[in-house]
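Asker: Dumping the structure here so I can ask a few things about it.
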Amino acid sequence: MGSKSFSVLIALISCLQAFADNTFGVRDGLHFSLESRATNIDGSIPTYKNPKASIEDRVNDLLPRMTVEEKVAQIIQGDMDGWMDLSDPLDDTKTFNQTGLVQMMRLKGGSIWAGYLTPYDKFVYGVTIGQKYLMENTTLGIPALIQSEGLHGFTNKGTIFPSPIGLAASFDTALVSQVSNVVASEAEGLGISHMFAPVLDLSRELRWGRVEENFGEDPFLTGEIGNAFITGLQSGKRRNASSTAIARVAATCKHFAAFGSPQGGLNLAQVSGGERELRTMFLKPFNRACLNSLSIMTAYSSYDGIPAIANTHLLTDILRNEWGYKYWVTTDAGSVDLLITLHGTCDTRECAAKTAIENGLSGEMGGGTYTYLTLPDQIQAGTVDIKYVDTTVEAMLRTKFALGLFEDPYPYSDYLSSIRTPASRVVLNQADTESIVLLENHNNVLPLQKNIGSIALLGPQVNRVSFGDYVFFNASLAGISPLDGFKQFIGNTSSSTKINFAQGCELWSNDDSGIPAAVQAAQASDVAIVMVGTWSLDQTLLWTPGTNATTGEHVDLSDLALVGAQLKLVQAVKATGKPTIVVFVSGKPIAEPWIQANADAVVQQFYPGELGGTAIAEIIFGAVNPSGKLPVSFPRAVGTTPVFYNYLKGSRPIDAGQVLDNGQLIFGHQYVLNSPVPLWSFGHGLSYTTFNYTGLSISPSTISTTQDFTVTVTVHNTGRVDGKEVVQVYITDAVSSVVTPNQQLVGLQKVNIPAGGSSTVSIKVLSSQLAVWTVQNSWLVEPGVFNVKVGTSDQTFAIANLTVH
């Protein structure tokens, strides 16, 4: 054979080898050819391209056509900065890097992180370029999930609502659905199809920095609010979506599971517990809210010594097999690498990737070394079974088909029409007012009369917009400070009330040199309003070295008292003798028993949304009657935590001691110089009106172990103003085979009752809510007596018994 012919043969063999490598993993012998995987041999439309075909048929048709490289690319998160320069949030240059685009989509094209602050037209341009490339320039034309954060507004100049802990304080599921619906509507038009929200961790460890991202300490409330958030976010369809599409934006339940109770309150630290606590507390919100969520995100931490991302019992046995969850599961940013760097359960990237995919059936988010890029070689070497990748890819494809992305993944031309609309402003105002909780109101000092002569606005939270974490850079510029909110309110209602403002101190300093000016302002006023609290930062500043905050991701506390000179400021103002109203603006409970005991009124405003300054003025002056309830209990000191209300029976003995204001020590035992009883407990919240409960009934009052029942009660507004009340139903299992909570919330409903009016409320309770996780490791509703209480966790308005036989 001549040298020329030999060279041609070698080249041909090389091409064939390259072809074989490129199609590695594709199933042959089916109704498509290896040369044209996106078409059928008989010329018919591939099922995965048929918008009328069922989602399962489309998934089953597409998966065999995919190479291993394409499959792995589906389950690794990419980033829009791979082809767009997004370093300057003000730059509006609409150009892209072709080489970066091709490389990004080849290796990490299943989902694309796009949570950047950038001009809308540039953002839309970048999303369109990416989706067009995938749809028109790749073999199979699989669109990407475009991702952003959305805990209380999406992170590219979306409307900012109250932090999740504040939304939960509304105890209003319908309102929360409206909030998340606005978040989805604003993001959808820009081409965002995947939001990293809600967080369903429980706020049982108050030192942890991310308490503000949760819906509180209770699994039932968290599940109900979470379900409402997901329903509002996902409801509807994208334009031009297939008839089988079921959602327009994918929610992400996180962090699965038990992430919010780390040892020492330290972010990423281990969580200790057993199967019963996992089932009865941590998993309940996910089971209630997330089975219809189109994605779930795993936790960073370990539970009982097993990293969450490698916990096959949690992610496969329970989530996939027991619960039947079939949609996309992703790890959190960089968490696969933590198997090497934090948990110490792997020593190579190959081990980390294998462990995560085989035990978790989950994708890999960015932020690490992209360990999943080792999977093709591991599959070819036989060290990783392709079936785990296939199952994970199927879940990703199922989510995409459920969103209708294959029909039209692009931004809308009229995207501006759904951002910051008048209708969304109404929802924002309601969310901001209903998330405020009136904790104390001695001698009815509140509401203030609209014709009051003067008010002193004091404290470091007055002339500041305090948002929670997970907001965009400079998001606070869109907010209204309390100072401006009071000025606007007074300007619209009174021409005579004077505002005397003095900051008094900084949030972050012991410098008390400004307190005399605050005292002088209080002395010159009819009433003093002192606004103090915690603070967080936006997603740029929170992670910038040299900045400070007291709440937010990776910002954990050893003390829950006010920082710096804030308490000293409150005490100095109270000493003037003027009525003193303290407003906590915070992302978590503040432990200050002196304020509870001495302030004339105390108001809790969890980090608000953009109209927070207006909302607090409306509450203080009575334009809106407060209706918020605490989703989390307030301890007396960090040393008295945990302080959640639903502790197991026998777990809170009380023989309290005390340190009096004059320094006298009164000794007890539990605790020696303090009390385990909260300052304010879960479900607490006052109103400017009064309510009375009558006619409690349970129907039927005797049930079988599989029978549901209904709790009915009539609520009367016995005051002079209209008001909203949250009817809360708690149960206690009188005798059980295992130790159960002293009480647990099983139902709630918020009702609006006019002054002098009444409302009869019926709340259905499922028999499954009575079940215990037995010593045989199974759920069982046990016969016996259950006490059914209507009230709050620390108050009883009406009580009756339910019998299960």
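For the structure tokens, the naming scheme is as follows: chains receive sequential letters (A, B, ...) according to their order of presentation, residues are indexed from 1 within each chain, and ligands are indexed from 1 in presentation order.
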Residues within 7 Å of A:Val532, please, as a list in words. Count only C-alpha atoms; anything in the same chain fewer than 3 positions from it doesn't count.

Answerer: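 Residues near the query, excluding close chain neighbours: Gly459, Pro460, Gln461, Gln566, Val583, Phe584 and Val585 of chain A.
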
Asker: Put those residues in a file: N, CA, C and O atoms, as a PDB file, in the first residue's frame.

Answerer:
```
ATOM      1  N   GLY A 459     -32.671  56.485  66.728  1.00  0.00           N
ATOM      2  CA  GLY A 459     -32.050  55.184  66.549  1.00  0.00           C
ATOM      3  C   GLY A 459     -31.444  54.967  65.182  1.00  0.00           C
ATOM      4  O   GLY A 459     -31.798  55.641  64.198  1.00  0.00           O
ATOM      5  N   PRO A 460     -30.555  54.010  65.080  1.00  0.00           N
ATOM      6  CA  PRO A 460     -29.802  53.796  63.843  1.00  0.00           C
ATOM      7  C   PRO A 460     -30.599  53.133  62.723  1.00  0.00           C
ATOM      8  O   PRO A 460     -30.104  53.063  61.599  1.00  0.00           O
ATOM      9  N   GLN A 461     -31.826  52.677  63.006  1.00  0.00           N
ATOM     10  CA  GLN A 461     -32.649  52.099  61.941  1.00  0.00           C
ATOM     11  C   GLN A 461     -33.635  53.091  61.337  1.00  0.00           C
ATOM     12  O   GLN A 461     -34.380  52.738  60.423  1.00  0.00           O
ATOM     13  N   GLN A 566     -26.821  50.437  71.350  1.00  0.00           N
ATOM     14  CA  GLN A 566     -28.262  50.513  71.064  1.00  0.00           C
ATOM     15  C   GLN A 566     -29.115  50.389  72.332  1.00  0.00           C
ATOM     16  O   GLN A 566     -30.075  51.151  72.516  1.00  0.00           O
ATOM     17  N   VAL A 583     -38.978  49.841  68.282  1.00  0.00           N
ATOM     18  CA  VAL A 583     -39.196  49.047  67.066  1.00  0.00           C
ATOM     19  C   VAL A 583     -37.930  48.266  66.781  1.00  0.00           C
ATOM     20  O   VAL A 583     -36.858  48.845  66.574  1.00  0.00           O
ATOM     21  N   PHE A 584     -38.047  46.936  66.803  1.00  0.00           N
ATOM     22  CA  PHE A 584     -36.948  46.079  66.369  1.00  0.00           C
ATOM     23  C   PHE A 584     -37.043  45.907  64.858  1.00  0.00           C
ATOM     24  O   PHE A 584     -38.063  45.435  64.346  1.00  0.00           O
ATOM     25  N   VAL A 585     -36.000  46.272  64.148  1.00  0.00           N
ATOM     26  CA  VAL A 585     -35.883  45.964  62.717  1.00  0.00           C
ATOM     27  C   VAL A 585     -34.775  44.917  62.624  1.00  0.00           C
ATOM     28  O   VAL A 585     -33.600  45.226  62.867  1.00  0.00           O
TER      29      VAL A 585
END
```

Asker: List the spatial neighbours of A:Thr732 as a list of chain:residue names - criterion: any atom at most 8 Å away, only C-alpha atoms, same-chain residues fewer than 4 positions off excluded.

Answerer: A:Pro741, A:Asn742, A:Gln743, A:Gln744, A:Phe786, A:Asn787, A:Val788

Asker: For stretch 688-705 of chain A, work out the shell of residues within 7 Å, counting only C-alpha atoms and skipping chain neighbours fewer than 5 positions away, then give it as a list in words.

Answerer: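 The neighbour list is Asn625, Thr710, Val711, Thr712, Val713, Thr714, Val715, His716, Asn717, Thr718, Gly719, Arg720, Val721, Gly723, Ser767, Val781, Glu782, Pro783, Phe797, Ala798, Leu802, Thr803, Val804 and His805 of chain A.
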
Asker: Restricting the calculation to only C-alpha atoms, which member of A:Ser435, A:Ser496, A:Asn321, A:Ser243 is positioned closest to A:Ala168?

Answerer: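 Checking each of A:Ser435, A:Ser496, A:Asn321, A:Ser243 against A:Ala168, counting only C-alpha atoms, the winner is A:Ser435.
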
Asker: Leaving out A:Ala53 and any residue of its chain fewer than 6 positions from it, which residues lie within 12 Å of it when counting only C-alpha atoms, given as an MDAnalysis selection string?

Answerer: chainID A and resid 45:47 59:61 242:245 401:402 404

Asker: Take the residues from that selection and put them in a file with N, CA and C atoms, as a CSV table (one decimal), in the first residue's frame.

Answerer:
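Result written to selection-v5.csv:
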```
chain,number,residue,atom,x,y,z
A,45,ILE,N,-41.7,13.1,13.2
A,45,ILE,CA,-41.3,14.1,14.2
A,45,ILE,C,-40.9,13.3,15.5
A,46,PRO,N,-39.6,13.5,16.0
A,46,PRO,CA,-39.3,12.8,17.2
A,46,PRO,C,-40.2,13.2,18.3
A,47,THR,N,-40.5,12.2,19.1
A,47,THR,CA,-41.5,12.4,20.2
A,47,THR,C,-41.1,13.6,21.1
A,59,VAL,N,-39.4,12.5,27.6
A,59,VAL,CA,-38.1,12.2,28.3
A,59,VAL,C,-37.6,10.9,27.8
A,60,ASN,N,-38.4,9.9,27.7
A,60,ASN,CA,-38.0,8.6,27.2
A,60,ASN,C,-37.5,8.5,25.8
A,61,ASP,N,-37.9,9.4,25.0
A,61,ASP,CA,-37.5,9.5,23.6
A,61,ASP,C,-36.2,10.2,23.5
A,242,SER,N,-46.0,24.1,25.7
A,242,SER,CA,-46.8,22.9,25.3
A,242,SER,C,-48.0,22.7,26.2
A,243,SER,N,-49.0,21.9,25.7
A,243,SER,CA,-50.2,21.7,26.4
A,243,SER,C,-50.0,20.9,27.7
A,244,THR,N,-48.9,20.2,27.7
A,244,THR,CA,-48.6,19.4,28.9
A,244,THR,C,-47.7,20.1,30.0
A,245,ALA,N,-47.3,21.3,29.7
A,245,ALA,CA,-46.5,22.1,30.6
A,245,ALA,C,-47.4,22.4,31.9
A,401,PHE,N,-39.4,19.9,30.4
A,401,PHE,CA,-40.6,19.7,29.7
A,401,PHE,C,-41.8,20.2,30.5
A,402,ALA,N,-41.8,20.1,31.8
A,402,ALA,CA,-42.8,20.6,32.6
A,402,ALA,C,-43.0,22.1,32.5
A,404,GLY,N,-42.3,23.7,29.6
A,404,GLY,CA,-42.5,24.0,28.3
A,404,GLY,C,-41.4,24.7,27.6
```

Asker: Can you pull out the residues contacting A:Asp337? Cut-off 10 Å, using only C-alpha atoms, and skip same-chain residues under 6 positions away; I want them as a list in words.

Answerer: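 Using only C-alpha atoms, the neighbours found are His343, Gly344, Cys346, Asp347, Thr348, Arg349, Cys351, Ala352, Ala353, Ala356, Glu364, Gly367, Gly368, Thr369, Tyr370 and Thr371 of chain A.
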
Asker: Convert the current residue selection to file output with C-alpha atoms, as a PDB file, in the first residue's frame.

Answerer:
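Done, and the output landed in again.pdb:
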```pdb
ATOM      1  CA  HIS A 343     -16.393  16.528  55.451  1.00  0.00           C
ATOM      2  CA  GLY A 344     -13.276  14.512  54.678  1.00  0.00           C
ATOM      3  CA  CYS A 346     -13.347  11.743  49.807  1.00  0.00           C
ATOM      4  CA  ASP A 347      -9.798  12.523  48.753  1.00  0.00           C
ATOM      5  CA  THR A 348     -10.242  12.987  44.988  1.00  0.00           C
ATOM      6  CA  ARG A 349     -12.600  14.786  42.640  1.00  0.00           C
ATOM      7  CA  CYS A 351     -14.550  10.088  44.509  1.00  0.00           C
ATOM      8  CA  ALA A 352     -16.618  13.210  45.233  1.00  0.00           C
ATOM      9  CA  ALA A 353     -18.422  13.044  41.881  1.00  0.00           C
ATOM     10  CA  ALA A 356     -22.701  12.548  44.963  1.00  0.00           C
ATOM     11  CA  GLU A 364     -23.594  19.774  40.489  1.00  0.00           C
ATOM     12  CA  GLY A 367     -18.749  27.372  42.742  1.00  0.00           C
ATOM     13  CA  GLY A 368     -16.323  24.466  42.986  1.00  0.00           C
ATOM     14  CA  THR A 369     -13.954  22.483  40.787  1.00  0.00           C
ATOM     15  CA  TYR A 370     -16.724  20.892  38.704  1.00  0.00           C
ATOM     16  CA  THR A 371     -16.032  17.369  39.860  1.00  0.00           C
TER      17      THR A 371
END
```
